[in-house]
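Trainee: Dropping in upload27.txt, with compact mmCIF, C-alpha atoms.
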# COMPACT_ATOMS: atom_id res chain seq x y z
CA VAL A 2 -40.13 171.19 77.67
CA THR A 3 -39.33 170.90 73.97
CA PRO A 4 -37.01 173.46 72.36
CA HIS A 5 -39.92 174.60 70.18
CA LEU A 6 -42.13 175.44 73.18
CA ARG A 7 -39.18 177.12 74.88
CA GLN A 8 -38.67 179.43 71.89
CA ILE A 9 -42.38 180.39 71.79
CA ALA A 10 -42.38 181.14 75.51
CA THR A 11 -39.23 183.24 75.18
CA ALA A 12 -40.75 185.26 72.34
CA LEU A 13 -43.97 185.87 74.29
CA CYS A 14 -42.04 186.99 77.33
CA ILE A 15 -39.89 189.42 75.33
CA ALA A 16 -43.01 190.88 73.72
CA PHE A 17 -44.57 191.33 77.17
CA PHE A 18 -41.56 193.12 78.62
CA LEU A 19 -41.26 195.39 75.60
CA ALA A 20 -44.93 196.36 75.93
CA CYS A 21 -44.53 197.12 79.66
CA SER A 22 -41.45 199.28 79.20
CA SER A 23 -42.79 201.33 76.27
CA ASP A 24 -42.35 205.01 77.34
CA LYS A 25 -42.04 205.03 81.10
CA GLY A 26 -38.92 202.94 81.51
CA PRO A 27 -35.52 204.49 82.07
CA ARG A 28 -33.70 205.36 78.84
CA VAL A 29 -30.17 204.25 78.30
CA ALA A 30 -27.89 207.24 77.85
CA GLU A 31 -26.62 207.59 74.28
CA SER A 32 -22.97 206.75 73.99
CA PRO A 33 -20.79 209.77 73.22
CA LYS A 34 -19.69 210.09 69.60
CA VAL A 35 -16.20 208.75 69.07
CA ALA A 36 -13.99 210.32 66.42
CA PRO A 37 -13.25 207.82 63.65
CA VAL A 38 -9.76 206.37 63.63
CA ALA A 39 -7.85 206.38 60.35
CA ARG A 40 -7.14 202.80 59.27
CA ALA A 41 -4.63 203.56 56.49
CA ARG A 42 -2.98 206.27 54.42
CA LEU A 43 -2.79 206.49 50.65
CA LYS A 44 0.75 206.82 49.34
CA ARG A 45 2.71 206.61 46.07
CA LEU A 46 -0.18 207.66 43.88
CA VAL A 47 0.32 207.17 40.17
CA GLY A 48 -2.29 208.26 37.61
CA GLN A 49 -5.94 208.77 38.47
CA VAL A 50 -6.77 207.39 41.93
CA LEU A 51 -10.24 208.11 43.32
CA VAL A 52 -11.68 207.87 46.84
CA LYS A 53 -15.29 207.57 47.96
CA ARG A 54 -15.95 208.31 51.60
CA ALA A 55 -18.23 206.07 53.64
CA ALA A 56 -20.79 208.86 54.02
CA GLY A 57 -20.51 210.23 50.50
CA ASP A 58 -21.81 209.30 47.08
CA ASP A 59 -19.15 210.97 44.94
CA TRP A 60 -15.72 209.85 43.89
CA ALA A 61 -13.04 212.46 44.60
CA GLN A 62 -9.45 212.68 43.42
CA ALA A 63 -7.14 211.08 45.99
CA LYS A 64 -4.26 213.02 47.49
CA ASP A 65 -0.93 211.81 48.78
CA ALA A 66 -1.01 210.80 52.48
CA MET A 67 -4.82 210.96 52.49
CA GLU A 68 -6.29 209.13 55.48
CA LEU A 69 -8.68 206.26 54.91
CA PHE A 70 -11.40 205.22 57.33
CA GLU A 71 -13.74 202.25 57.64
CA ASN A 72 -16.12 201.86 54.70
CA ASP A 73 -14.09 204.19 52.46
CA LYS A 74 -13.45 202.91 48.95
CA VAL A 75 -10.47 203.43 46.62
CA ARG A 76 -10.55 203.05 42.84
CA THR A 77 -7.74 203.16 40.30
CA VAL A 78 -8.19 203.67 36.56
CA ALA A 79 -6.12 202.13 33.76
CA GLY A 80 -2.43 202.87 34.25
CA ALA A 81 -2.94 204.08 37.84
CA SER A 82 -1.69 202.60 41.11
CA ALA A 83 -1.50 203.43 44.81
CA VAL A 84 -0.28 202.01 48.10
CA LEU A 85 -2.37 201.73 51.26
CA GLU A 86 -0.02 202.04 54.22
CA PHE A 87 -1.25 200.89 57.60
CA ALA A 88 -0.07 202.25 60.95
CA ASN A 89 1.33 198.84 61.93
CA GLY A 90 3.78 198.86 58.98
CA SER A 91 1.80 196.58 56.69
CA SER A 92 0.97 197.74 53.19
CA VAL A 93 -1.24 196.87 50.25
CA SER A 94 -0.25 197.93 46.72
CA LEU A 95 -3.22 198.47 44.49
CA GLY A 96 -2.77 197.89 40.77
CA GLU A 97 -4.54 199.53 37.85
CA ASP A 98 -8.29 199.29 37.25
CA ALA A 99 -8.98 198.08 40.79
CA LEU A 100 -11.66 198.72 43.42
CA ILE A 101 -11.03 198.11 47.12
CA GLY A 102 -12.90 198.95 50.32
CA ILE A 103 -11.81 199.26 53.95
CA SER A 104 -14.26 196.99 55.74
CA GLU A 105 -15.55 197.46 59.26
CA THR A 106 -13.48 195.48 61.73
CA HIS A 107 -14.76 194.49 65.15
CA LEU A 108 -11.53 194.08 67.06
CA ARG A 109 -11.05 191.99 70.15
CA PRO A 110 -8.67 193.40 72.77
CA GLY A 111 -5.06 193.00 71.68
CA GLN A 112 -5.96 192.21 68.08
CA ASP A 113 -4.26 193.94 65.18
CA HIS A 114 -6.50 193.01 62.31
CA THR A 115 -7.49 194.62 59.01
CA ASP A 116 -10.42 193.68 56.78
CA LEU A 117 -10.42 194.69 53.13
CA THR A 118 -12.86 194.01 50.33
CA LEU A 119 -11.37 193.65 46.85
CA LEU A 120 -14.07 193.81 44.21
CA LYS A 121 -11.81 193.86 41.16
CA GLY A 122 -8.17 194.23 40.18
CA HIS A 123 -4.91 193.19 41.74
CA ILE A 124 -3.30 193.80 45.12
CA ASP A 125 0.13 192.94 46.46
CA ALA A 126 -0.05 192.74 50.26
CA ALA A 127 2.79 192.68 52.77
CA LEU A 128 2.16 191.85 56.41
CA ASP A 129 5.01 193.39 58.38
CA LYS A 130 4.68 191.33 61.59
CA PRO A 131 2.56 188.30 60.76
CA ALA A 132 3.01 186.91 64.31
CA GLN A 133 1.12 189.88 65.71
CA GLN A 134 -1.15 190.91 62.85
CA SER A 135 -3.70 189.50 60.50
CA LEU A 136 -5.20 190.70 57.26
CA SER A 137 -8.38 189.49 55.60
CA VAL A 138 -9.25 190.17 51.98
CA THR A 139 -12.79 189.36 50.94
CA THR A 140 -13.46 189.02 47.20
CA PRO A 141 -16.64 188.11 45.29
CA SER A 142 -15.63 184.44 45.42
CA ALA A 143 -13.36 183.89 48.43
CA THR A 144 -11.91 185.11 51.70
CA VAL A 145 -8.14 185.29 51.97
CA ARG A 146 -6.60 185.36 55.43
CA ALA A 147 -2.97 186.05 56.25
CA GLY A 148 -1.10 186.31 59.54
CA ARG A 149 -1.92 185.01 62.95
CA GLU A 150 -5.56 184.01 63.31
CA ILE A 151 -5.79 185.35 66.85
CA VAL A 152 -3.53 187.36 69.07
CA PHE A 153 -3.79 187.01 72.82
CA GLN A 154 -2.66 189.65 75.23
CA MET B 29 -45.21 176.78 89.78
CA THR B 30 -46.78 179.89 88.25
CA PRO B 31 -46.46 180.61 84.51
CA TRP B 32 -44.19 183.60 85.28
CA ILE B 33 -41.68 181.45 87.11
CA LEU B 34 -41.72 179.02 84.20
CA ILE B 35 -41.10 181.85 81.71
CA ALA B 36 -38.29 183.29 83.83
CA ALA B 37 -36.66 179.87 84.08
CA LEU B 38 -36.90 179.44 80.32
CA LEU B 39 -35.36 182.86 79.75
CA LEU B 40 -32.41 182.15 82.01
CA ALA B 41 -31.72 178.81 80.34
CA PRO B 42 -29.22 178.95 77.44
CA PRO B 43 -30.79 178.82 73.97
CA PRO B 44 -30.73 175.26 72.68
CA THR B 45 -29.03 175.90 69.33
CA ALA B 46 -26.75 178.90 70.03
CA PRO B 47 -23.17 178.05 69.01
CA PRO B 48 -20.47 178.54 71.65
CA PRO B 49 -18.85 181.95 71.02
CA ASP B 50 -15.22 180.76 70.96
CA ARG B 51 -15.78 177.77 68.68
CA ALA B 52 -15.19 179.68 65.41
CA LEU B 53 -12.11 181.35 66.86
CA ALA B 54 -10.72 177.99 67.98
CA GLU B 55 -11.45 176.45 64.57
CA GLY B 56 -9.56 179.25 62.83
CA ALA B 57 -6.62 179.03 65.21
CA ILE B 58 -6.38 175.24 64.80
CA THR B 59 -6.57 175.53 60.99
CA SER B 60 -3.76 178.11 61.00
CA ALA B 61 -1.61 176.02 63.33
CA ARG B 62 -2.24 172.82 61.34
CA HIS B 63 -1.14 174.49 58.11
CA ALA B 64 1.90 176.04 59.78
CA VAL B 65 2.93 172.62 61.15
CA GLU B 66 2.50 170.98 57.74
CA GLN B 67 4.79 173.57 56.16
CA ALA B 68 7.43 173.60 58.93
CA ALA B 69 10.85 171.98 58.73
CA HIS B 70 11.36 168.82 60.81
CA ASP B 71 13.07 170.24 63.88
CA THR B 72 12.42 170.66 67.59
CA HIS B 73 10.10 173.62 66.96
CA ARG B 74 7.92 171.44 64.78
CA THR B 75 7.87 168.62 67.35
CA ASP B 76 6.81 171.05 70.09
CA ALA B 77 4.23 172.64 67.81
CA GLU B 78 2.77 169.23 66.91
CA LYS B 79 2.35 168.49 70.62
CA LYS B 80 0.60 171.84 71.21
CA LEU B 81 -1.61 171.28 68.18
CA SER B 82 -2.54 167.83 69.42
CA ASP B 83 -3.48 169.35 72.81
CA ALA B 84 -5.55 171.99 71.00
CA GLU B 85 -7.45 169.36 69.01
CA ALA B 86 -8.14 167.35 72.17
CA LEU B 87 -9.42 170.43 73.98
CA PHE B 88 -11.59 171.30 70.99
CA ALA B 89 -13.10 167.81 71.02
CA LYS B 90 -13.97 168.29 74.69
CA GLY B 91 -15.66 171.61 73.94
CA ALA B 92 -13.02 173.71 75.74
CA TYR B 93 -12.86 176.14 72.82
CA ALA B 94 -11.08 179.04 74.53
CA ASP B 95 -8.32 176.72 75.80
CA ALA B 96 -8.12 175.03 72.40
CA ALA B 97 -7.64 178.41 70.72
CA THR B 98 -4.87 179.34 73.17
CA ALA B 99 -3.05 176.03 72.61
CA ALA B 100 -3.35 176.31 68.82
CA ASP B 101 -2.09 179.87 68.93
CA SER B 102 0.95 178.73 70.94
CA ALA B 103 1.69 176.12 68.26
CA TRP B 104 1.47 178.77 65.52
CA LYS B 105 3.73 181.11 67.48
CA LEU B 106 6.39 178.40 67.93
CA LEU B 107 6.72 178.07 64.16
CA ASP B 108 6.85 181.76 63.36
CA ALA B 109 10.29 182.44 64.80
CA SER B 110 11.60 183.60 61.41
CA GLY B 111 10.01 187.04 61.64
CA GLU B 112 9.75 187.02 57.84
CA LYS B 113 7.15 189.25 56.24
CA THR B 114 4.16 187.51 54.74
CA ARG B 115 3.69 188.70 51.16
CA PHE B 116 0.88 187.59 48.92
CA GLU B 117 -1.04 188.70 45.84
CA VAL B 118 -4.76 188.63 45.14
CA GLN B 119 -6.21 189.10 41.67
CA VAL B 120 -9.95 189.43 41.07
CA ALA B 121 -11.02 188.91 37.46
CA PRO B 122 -14.11 190.67 36.00
CA ASP B 123 -16.15 187.47 36.46
CA GLY B 124 -15.24 187.41 40.17
CA THR B 125 -12.70 184.60 39.93
CA THR B 126 -10.00 185.05 42.56
CA GLU B 127 -6.38 184.02 42.21
CA VAL B 128 -4.11 184.01 45.27
CA LYS B 129 -0.34 183.67 45.21
CA THR B 130 1.87 183.58 48.30
CA ARG B 131 5.37 184.91 47.83
CA THR B 132 7.02 184.76 51.28
CA GLY B 133 6.34 183.98 54.93
CA GLN B 134 3.58 181.85 56.43
CA PRO B 135 0.94 180.17 54.25
CA VAL B 136 -2.09 182.28 53.40
CA ARG B 137 -5.51 180.69 53.96
CA VAL B 138 -8.08 180.81 51.18
CA GLU B 139 -11.66 179.97 52.08
CA SER B 140 -14.71 179.43 49.90
CA GLU B 141 -17.85 177.31 50.12
CA GLY B 142 -16.83 175.96 53.52
CA LYS B 143 -13.45 174.71 52.35
CA THR B 144 -10.12 176.24 53.41
CA VAL B 145 -6.79 175.63 51.72
CA ALA B 146 -3.38 176.85 52.83
CA VAL B 147 -1.30 178.47 50.11
CA ALA B 148 2.41 178.29 50.97
CA PRO B 149 5.10 180.50 49.38
CA GLY B 150 5.51 179.60 45.70
CA GLU B 151 2.02 178.10 45.52
CA HIS B 152 -1.24 179.53 44.26
CA ALA B 153 -4.98 178.94 44.54
CA LEU B 154 -7.82 179.70 42.15
CA VAL B 155 -11.41 180.23 43.27
CA HIS B 156 -14.34 180.42 40.86
CA LYS B 157 -17.56 181.96 42.15
CA GLY B 158 -19.63 179.46 44.12
CA GLU B 159 -16.91 176.80 44.07
CA PRO B 160 -14.32 175.65 46.63
CA PRO B 161 -10.71 176.75 46.12
CA GLU B 162 -8.47 174.86 43.69
CA HIS B 163 -5.03 174.58 45.19
CA THR B 164 -1.94 174.09 43.06
CA ALA B 165 1.69 173.87 44.08
CA GLY B 166 4.14 175.79 41.93
CA PRO B 167 3.68 178.90 39.86
CA PRO B 168 0.42 179.44 37.95
CA PRO B 169 0.35 177.90 34.48
CA VAL B 170 1.30 180.25 31.67
CA GLU B 171 -0.62 179.77 28.47
CA LYS B 172 1.81 178.49 25.88
CA VAL B 173 1.62 180.13 22.49
CA ALA B 174 3.05 178.52 19.35
CA LEU B 175 5.63 181.04 18.19
CA THR B 176 6.04 181.66 14.49
CA ALA B 177 9.44 182.28 12.97
CA PRO B 178 10.23 186.02 12.68
CA SER B 179 9.91 187.59 9.27
CA LEU B 180 13.22 189.33 8.59
CA LEU B 181 13.04 192.87 7.22
CA ALA B 182 16.49 194.41 6.82
CA PRO B 183 19.11 194.15 5.50
CA ARG B 184 17.86 192.27 2.45
CA ASP B 185 19.12 188.75 1.84
CA HIS B 186 22.57 188.58 0.15
CA GLY B 187 22.79 192.39 0.35
CA LYS B 188 26.15 194.20 -0.01
CA LEU B 189 26.59 196.82 2.71
CA SER B 190 29.37 199.31 2.13
CA PHE B 191 31.01 201.52 4.75
CA LYS B 192 33.97 203.87 4.83
CA PRO B 193 37.15 201.81 4.62
CA ALA B 194 38.36 200.67 8.05
CA GLN B 195 39.48 197.51 9.81
CA LYS B 196 35.91 197.00 11.00
CA LEU B 197 32.79 198.12 9.20
CA GLY B 198 29.43 199.12 10.57
CA PRO B 199 27.28 199.46 12.45
CA VAL B 200 24.58 197.34 10.79
CA LEU B 201 20.99 197.50 12.05
CA LEU B 202 19.08 194.23 11.80
CA SER B 203 15.28 194.34 11.94
CA TRP B 204 12.38 191.90 11.71
CA SER B 205 8.63 191.86 12.32
CA LYS B 206 7.27 191.32 15.87
CA VAL B 207 6.06 187.82 16.69
CA HIS B 208 2.80 187.42 18.64
CA GLY B 209 3.42 185.90 22.06
CA ALA B 210 7.17 186.43 22.00
CA SER B 211 8.82 187.84 25.10
CA GLY B 212 12.13 188.36 23.30
CA TYR B 213 14.36 187.34 20.43
CA GLU B 214 17.68 185.60 20.06
CA VAL B 215 20.03 186.99 17.41
CA ILE B 216 23.11 185.09 16.19
CA VAL B 217 25.50 186.42 13.55
CA THR B 218 28.17 184.07 12.15
CA ASP B 219 31.04 184.93 9.82
CA GLY B 220 32.07 183.13 6.63
CA ASP B 221 33.87 180.46 8.71
CA HIS B 222 30.68 179.80 10.70
CA HIS B 223 32.20 181.34 13.82
CA GLU B 224 29.90 183.38 16.03
CA ALA B 225 30.64 187.06 15.47
CA PHE B 226 27.75 188.38 17.55
CA THR B 227 25.02 186.94 19.73
CA ALA B 228 22.36 188.67 21.83
CA LYS B 229 18.93 188.31 23.37
CA VAL B 230 16.82 191.39 22.80
CA SER B 231 13.29 192.38 23.75
CA SER B 232 12.48 194.49 20.68
CA ALA B 233 12.38 193.45 17.02
CA LYS B 234 15.75 194.94 16.12
CA ALA B 235 19.44 194.63 16.96
CA LYS B 236 22.42 196.89 16.27
CA LEU B 237 25.60 195.03 15.41
CA PRO B 238 28.99 196.36 16.48
CA PRO B 239 31.47 197.13 13.64
CA LEU B 240 32.71 193.85 12.10
CA PRO B 241 35.58 192.98 9.75
CA PRO B 242 34.73 192.98 6.04
CA GLY B 243 33.34 189.66 4.79
CA GLN B 244 30.29 187.44 4.47
CA TYR B 245 27.89 187.08 7.41
CA ALA B 246 24.76 185.06 8.15
CA TRP B 247 22.23 186.27 10.70
CA THR B 248 19.63 184.15 12.43
CA VAL B 249 16.71 185.29 14.60
CA ARG B 250 14.45 183.13 16.82
CA ALA B 251 11.42 184.31 18.81
CA LEU B 252 11.53 183.34 22.51
CA GLY B 253 8.52 182.62 24.73
CA ALA B 254 8.06 183.42 28.44
CA THR B 255 8.29 179.75 29.43
CA GLY B 256 11.38 178.87 27.39
CA GLU B 257 9.77 177.87 24.12
CA GLN B 258 11.30 179.20 20.90
CA SER B 259 10.29 179.53 17.29
CA ASP B 260 11.95 178.09 14.21
CA PRO B 261 14.87 180.26 13.08
CA SER B 262 14.78 182.72 10.20
CA GLN B 263 18.06 183.31 8.39
CA ARG B 264 19.56 185.73 5.91
CA SER B 265 23.05 186.77 4.88
CA PHE B 266 24.85 189.98 3.99
CA GLU B 267 28.32 191.09 2.98
CA LEU B 268 30.31 193.93 4.49
CA VAL B 269 32.49 195.71 1.94
CA PRO B 270 34.59 198.89 2.11
CA GLU B 271 33.41 201.77 -0.04
CA ARG B 272 35.51 202.35 -3.13
CA ILE B 273 37.56 205.52 -2.98
CA LYS B 274 36.64 207.68 -5.91
CA LEU B 275 39.68 209.20 -7.51
CA GLU B 276 38.97 212.19 -9.69
CA VAL B 277 41.90 213.03 -11.95
CA GLN B 278 41.60 216.22 -13.87
CA THR B 279 43.47 216.79 -17.07
CA SER B 280 46.17 219.47 -16.83
CA LYS B 281 45.95 222.65 -18.90
CA TRP B 282 49.70 222.60 -19.29
CA LYS B 283 51.18 220.64 -22.12
Rewrite the structure of this file - the entire thing - as C-alpha cells.
Mentor:
Amino acid sequence: VTPHLRQIATALCIAFFLACSSDKGPRVAESPKVAPVARARLKRLVGQVLVKRAAGDDWAQAKDAMELFENDKVRTVAGASAVLEFANGSSVSLGEDALIGISETHLRPGQDHTDLTLLKGHIDAALDKPAQQSLSVTTPSATVRAGREIVFQ
Amino acid sequence: MTPWILIAALLLAPPPTAPPPDRALAEGAITSARHAVEQAAHDTHRTDAEKKLSDAEALFAKGAYADAATAADSAWKLLDASGEKTRFEVQVAPDGTTEVKTRTGQPVRVESEGKTVAVAPGEHALVHKGEPPEHTAGPPPVEKVALTAPSLLAPRDHGKLSFKPAQKLGPVLLSWSKVHGASGYEVIVTDGDHHEAFTAKVSSAKAKLPPLPPGQYAWTVRALGATGEQSDPSQRSFELVPERIKLEVQTSKWK
C-alpha cells in the first residue's frame, strides 16, 4: 500500500467515524477551569509603563508588583523602564520604548522554562540557575535561547 | 480481508512522515552540549562531557532520541558546575534586526533561518530579518567618528586675569564648544616653564582650575572618543596677575 493510498483511506475512515458519532455518542466532560498562574511580577517601574491583558484591548498603567500572566504585554515609553521578576529568581530588565509579551509555554514535567516575545526595544536578562532553567526570547528575526535546553526529573 | 479490517490496520499503523516526538528535543540538547563543550576549559570535566556528547551523537544516529537527549543533557550538566548566572542582552531595532550580547555564564543560542550559533560571554550576534545569524567574537563595533578640535571659548587668548593678591590666584573657569561624537575632553594646563600645572579628563565642555601661582599659562583641550580616538589639540594662553591695590590719599585740611 503506498503512503498516498494510506492517507486517503485514513481520511475516509475518520470522516466515517465522525459521521456515526454525530449527536448520540458520549460527550467528553469539559475540563474544570484552572485559575491562571502568574508568570512574573513587574517591579522597579520608572516612567510610563503600560500593560495590556491577554483578554483586553486597552493599555493600562502598570503598578508596582503587578502580576503578569501568559499572553499579557508590557510597553515602556521613552525614558521609562521596568523589571519583570520571575518566581524562580530570574529577571528581565526592560529598557525604554520597548514592547514585550509573555508567551504561552507548554511545559514538560520538571521543566522551568519561560517564553517571551520581544517586538522592539532592549532587554537585559539574567537567568538565576541556568542549570535548571531556560529562557527563550523570540524577536521578529530570531529566537534566543539561554539556559539548559531540557531538564529531566 | 474485508475493507474495514484494511482500514483499521491502516489506522493503527504509524503515519509514514510523522517525525519522532523526541527528535527536536534531542537536537536542541545536543546543540547546547556541543556549544558548552566547545567553550569549556580543557580539564577532566570537559573530557567526560566530550565522551557523553559522543554517546549522545551515536544514540541520535541510531534514532534513540530520548536516550540521546538524556546523554547530551548529562554532558551539559557536567560543564555547568560554576553555578554562574547567565546574563545576556537582546536589542530589537525598528526594522526587526536583533542584536544579542552575552555577558556572563553559558553561551546563549541564537537561531534564525535554520542556523544556530552559540554566543559566548563577550561575544555578540546580529540577525537581520530573513537571514541567518552573523556571529562575531568580541564587543560590537562602535562607529568611529572623526573628532574635530574643540573651539575654545574662555578665557580669551593672551588674556590677563586679575584676582585679589594671594600666593595662588583663581579659580579660572575654562570653557569650549562641545564636539560632536566626543565622550569627554582632556585638559592640560602648563606654566611658563612648560611644567604641567593641571591635567584632567572631563565629560562636559568646561573645567574649573584650582588657584595657581601668578604667571603665564597655556591651556590645551582635546576631544576624546569612546574607542580611544582623540582630536587635534586646541591651545590658548592666559596670565594670572594680582589686582593692584588702589591707594586713595586725601589731602589734609590742616596746613
Trainee: Please report, as JSON lines, each residue of chain B lying at most 7 Å from chain A, together with the nearest pair of atoms and the separation in Å rounded to one decimal; use only C-alpha atoms, and order rows by chain and ascending residue number.
Mentor:
{"residue": "B:Ile35", "atom": "CA", "partner": "A:Ala10", "partner_atom": "CA", "distance": 6.4}
{"residue": "B:Leu38", "atom": "CA", "partner": "A:Arg7", "partner_atom": "CA", "distance": 6.3}
{"residue": "B:Leu39", "atom": "CA", "partner": "A:Thr11", "partner_atom": "CA", "distance": 6.0}
{"residue": "B:Pro44", "atom": "CA", "partner": "A:Pro4", "partner_atom": "CA", "distance": 6.5}
{"residue": "B:Gly56", "atom": "CA", "partner": "A:Glu150", "partner_atom": "CA", "distance": 6.2}
{"residue": "B:Ala57", "atom": "CA", "partner": "A:Glu150", "partner_atom": "CA", "distance": 5.4}
{"residue": "B:Ser60", "atom": "CA", "partner": "A:Glu150", "partner_atom": "CA", "distance": 6.6}
{"residue": "B:Asp101", "atom": "CA", "partner": "A:Ile151", "partner_atom": "CA", "distance": 6.9}
{"residue": "B:Lys105", "atom": "CA", "partner": "A:Ala132", "partner_atom": "CA", "distance": 6.6}
{"residue": "B:Asp108", "atom": "CA", "partner": "A:Ala132", "partner_atom": "CA", "distance": 6.5}
{"residue": "B:Gly111", "atom": "CA", "partner": "A:Lys130", "partner_atom": "CA", "distance": 6.8}
{"residue": "B:Lys113", "atom": "CA", "partner": "A:Asp129", "partner_atom": "CA", "distance": 5.1}
{"residue": "B:Thr114", "atom": "CA", "partner": "A:Leu128", "partner_atom": "CA", "distance": 5.1}
{"residue": "B:Arg115", "atom": "CA", "partner": "A:Ala127", "partner_atom": "CA", "distance": 4.4}
{"residue": "B:Phe116", "atom": "CA", "partner": "A:Ala126", "partner_atom": "CA", "distance": 5.4}
{"residue": "B:Glu117", "atom": "CA", "partner": "A:Asp125", "partner_atom": "CA", "distance": 4.4}
{"residue": "B:Val118", "atom": "CA", "partner": "A:Ile124", "partner_atom": "CA", "distance": 5.4}
{"residue": "B:Gln119", "atom": "CA", "partner": "A:His123", "partner_atom": "CA", "distance": 4.3}
{"residue": "B:Val120", "atom": "CA", "partner": "A:Lys121", "partner_atom": "CA", "distance": 4.8}
{"residue": "B:Ala121", "atom": "CA", "partner": "A:Lys121", "partner_atom": "CA", "distance": 6.2}
{"residue": "B:Pro122", "atom": "CA", "partner": "A:Lys121", "partner_atom": "CA", "distance": 6.5}
{"residue": "B:Gly124", "atom": "CA", "partner": "A:Pro141", "partner_atom": "CA", "distance": 5.4}
{"residue": "B:Thr125", "atom": "CA", "partner": "A:Ser142", "partner_atom": "CA", "distance": 6.2}
{"residue": "B:Thr126", "atom": "CA", "partner": "A:Ser142", "partner_atom": "CA", "distance": 6.3}
{"residue": "B:Val136", "atom": "CA", "partner": "A:Ala147", "partner_atom": "CA", "distance": 4.8}
{"residue": "B:Arg137", "atom": "CA", "partner": "A:Arg146", "partner_atom": "CA", "distance": 5.0}
{"residue": "B:Val138", "atom": "CA", "partner": "A:Val145", "partner_atom": "CA", "distance": 4.5}
{"residue": "B:Glu139", "atom": "CA", "partner": "A:Thr144", "partner_atom": "CA", "distance": 5.2}
{"residue": "B:Ser140", "atom": "CA", "partner": "A:Ala143", "partner_atom": "CA", "distance": 4.9}
{"residue": "B:Val155", "atom": "CA", "partner": "A:Ser142", "partner_atom": "CA", "distance": 6.3}
{"residue": "B:His156", "atom": "CA", "partner": "A:Ser142", "partner_atom": "CA", "distance": 6.2}
{"residue": "B:Lys157", "atom": "CA", "partner": "A:Ser142", "partner_atom": "CA", "distance": 4.5}
{"residue": "B:Gly158", "atom": "CA", "partner": "A:Ser142", "partner_atom": "CA", "distance": 6.5}
Trainee: Leaving out range 257-268 of chain B and any residue of its chain fewer than 2 positions from it, which residues lie within 6 Å of it when counting all atoms listed in the file, given as a PDB file with C-alpha atoms, keeping the file's coordinate frame?
Mentor:
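The resulting file, result_29.pdb, is shown below:
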ATOM      1  CA  LEU B 175       5.630 181.040  18.190  1.00  0.00           C
ATOM      2  CA  THR B 176       6.040 181.660  14.490  1.00  0.00           C
ATOM      3  CA  ALA B 177       9.440 182.280  12.970  1.00  0.00           C
ATOM      4  CA  ASP B 185      19.120 188.750   1.840  1.00  0.00           C
ATOM      5  CA  HIS B 186      22.570 188.580   0.150  1.00  0.00           C
ATOM      6  CA  GLY B 187      22.790 192.390   0.350  1.00  0.00           C
ATOM      7  CA  LYS B 188      26.150 194.200  -0.010  1.00  0.00           C
ATOM      8  CA  LEU B 189      26.590 196.820   2.710  1.00  0.00           C
ATOM      9  CA  SER B 190      29.370 199.310   2.130  1.00  0.00           C
ATOM     10  CA  PRO B 242      34.730 192.980   6.040  1.00  0.00           C
ATOM     11  CA  GLY B 243      33.340 189.660   4.790  1.00  0.00           C
ATOM     12  CA  GLN B 244      30.290 187.440   4.470  1.00  0.00           C
ATOM     13  CA  TYR B 245      27.890 187.080   7.410  1.00  0.00           C
ATOM     14  CA  ALA B 246      24.760 185.060   8.150  1.00  0.00           C
ATOM     15  CA  TRP B 247      22.230 186.270  10.700  1.00  0.00           C
ATOM     16  CA  THR B 248      19.630 184.150  12.430  1.00  0.00           C
ATOM     17  CA  VAL B 249      16.710 185.290  14.600  1.00  0.00           C
ATOM     18  CA  ARG B 250      14.450 183.130  16.820  1.00  0.00           C
ATOM     19  CA  ALA B 251      11.420 184.310  18.810  1.00  0.00           C
ATOM     20  CA  LEU B 252      11.530 183.340  22.510  1.00  0.00           C
ATOM     21  CA  GLY B 253       8.520 182.620  24.730  1.00  0.00           C
ATOM     22  CA  THR B 255       8.290 179.750  29.430  1.00  0.00           C
TER      23      THR B 255
END
Trainee: Could you give me, as a list in words, the residues within 12 Å of Val230 in chain B, counting all atoms listed in the file and dropping anything in the same chain fewer than 6 positions from it?
Mentor: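 Using all atoms listed in the file, the neighbours found are Leu202, Ser203, Trp204, Lys206, Ala210, Ser211, Gly212, Tyr213, Glu214, Val215, Ile216, Lys236, Val249, Arg250, Ala251 and Leu252 of chain B.
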Trainee: May I ask for the distance between CA of Pro183 in chain B and CA of Val207 in chain B, given in Å to one decimal place?
Mentor: 18.3 Å
Trainee: Kindly provide, as a list of chain:residue names, the polymer residues lying within 10 Å of (-6.9, 203.9, 36.1), counting all atoms listed in the file and using the coordinates exactly as they appear in the file.
Mentor: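 The distance filter leaves exactly A:Val47, A:Gly48, A:Gln49, A:Val50, A:Leu51, A:Arg76, A:Thr77, A:Val78, A:Ala79, A:Gly80, A:Ala81, A:Ser82, A:Gly96, A:Glu97, A:Asp98, A:Ala99.
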Trainee: Please write the residues from the selection above to a file, keeping C-alpha atoms, as a PDB file, keeping the file's coordinate frame.
Mentor:
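Printed below is part14.pdb as written:
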ATOM      1  CA  VAL A  47       0.320 207.170  40.170  1.00  0.00           C
ATOM      2  CA  GLY A  48      -2.290 208.260  37.610  1.00  0.00           C
ATOM      3  CA  GLN A  49      -5.940 208.770  38.470  1.00  0.00           C
ATOM      4  CA  VAL A  50      -6.770 207.390  41.930  1.00  0.00           C
ATOM      5  CA  LEU A  51     -10.240 208.110  43.320  1.00  0.00           C
ATOM      6  CA  ARG A  76     -10.550 203.050  42.840  1.00  0.00           C
ATOM      7  CA  THR A  77      -7.740 203.160  40.300  1.00  0.00           C
ATOM      8  CA  VAL A  78      -8.190 203.670  36.560  1.00  0.00           C
ATOM      9  CA  ALA A  79      -6.120 202.130  33.760  1.00  0.00           C
ATOM     10  CA  GLY A  80      -2.430 202.870  34.250  1.00  0.00           C
ATOM     11  CA  ALA A  81      -2.940 204.080  37.840  1.00  0.00           C
ATOM     12  CA  SER A  82      -1.690 202.600  41.110  1.00  0.00           C
ATOM     13  CA  GLY A  96      -2.770 197.890  40.770  1.00  0.00           C
ATOM     14  CA  GLU A  97      -4.540 199.530  37.850  1.00  0.00           C
ATOM     15  CA  ASP A  98      -8.290 199.290  37.250  1.00  0.00           C
ATOM     16  CA  ALA A  99      -8.980 198.080  40.790  1.00  0.00           C
TER      17      ALA A  99
END
Trainee: CA of Lys80 in chain B and CA of Ala146 in chain B are how many Å apart?
Mentor: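 Distance reported for this atom pair: 19.5 Å.
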Trainee: Report as a PyMOL selection string all protein, DNA and RNA residues lying within 12 Å of Ala89 in chain B, evaluated on all atoms listed in the file, omitting residues in the same chain fewer than 6 positions from it.
Mentor: chain B and resi 51+54-55+58+82-83+95-97
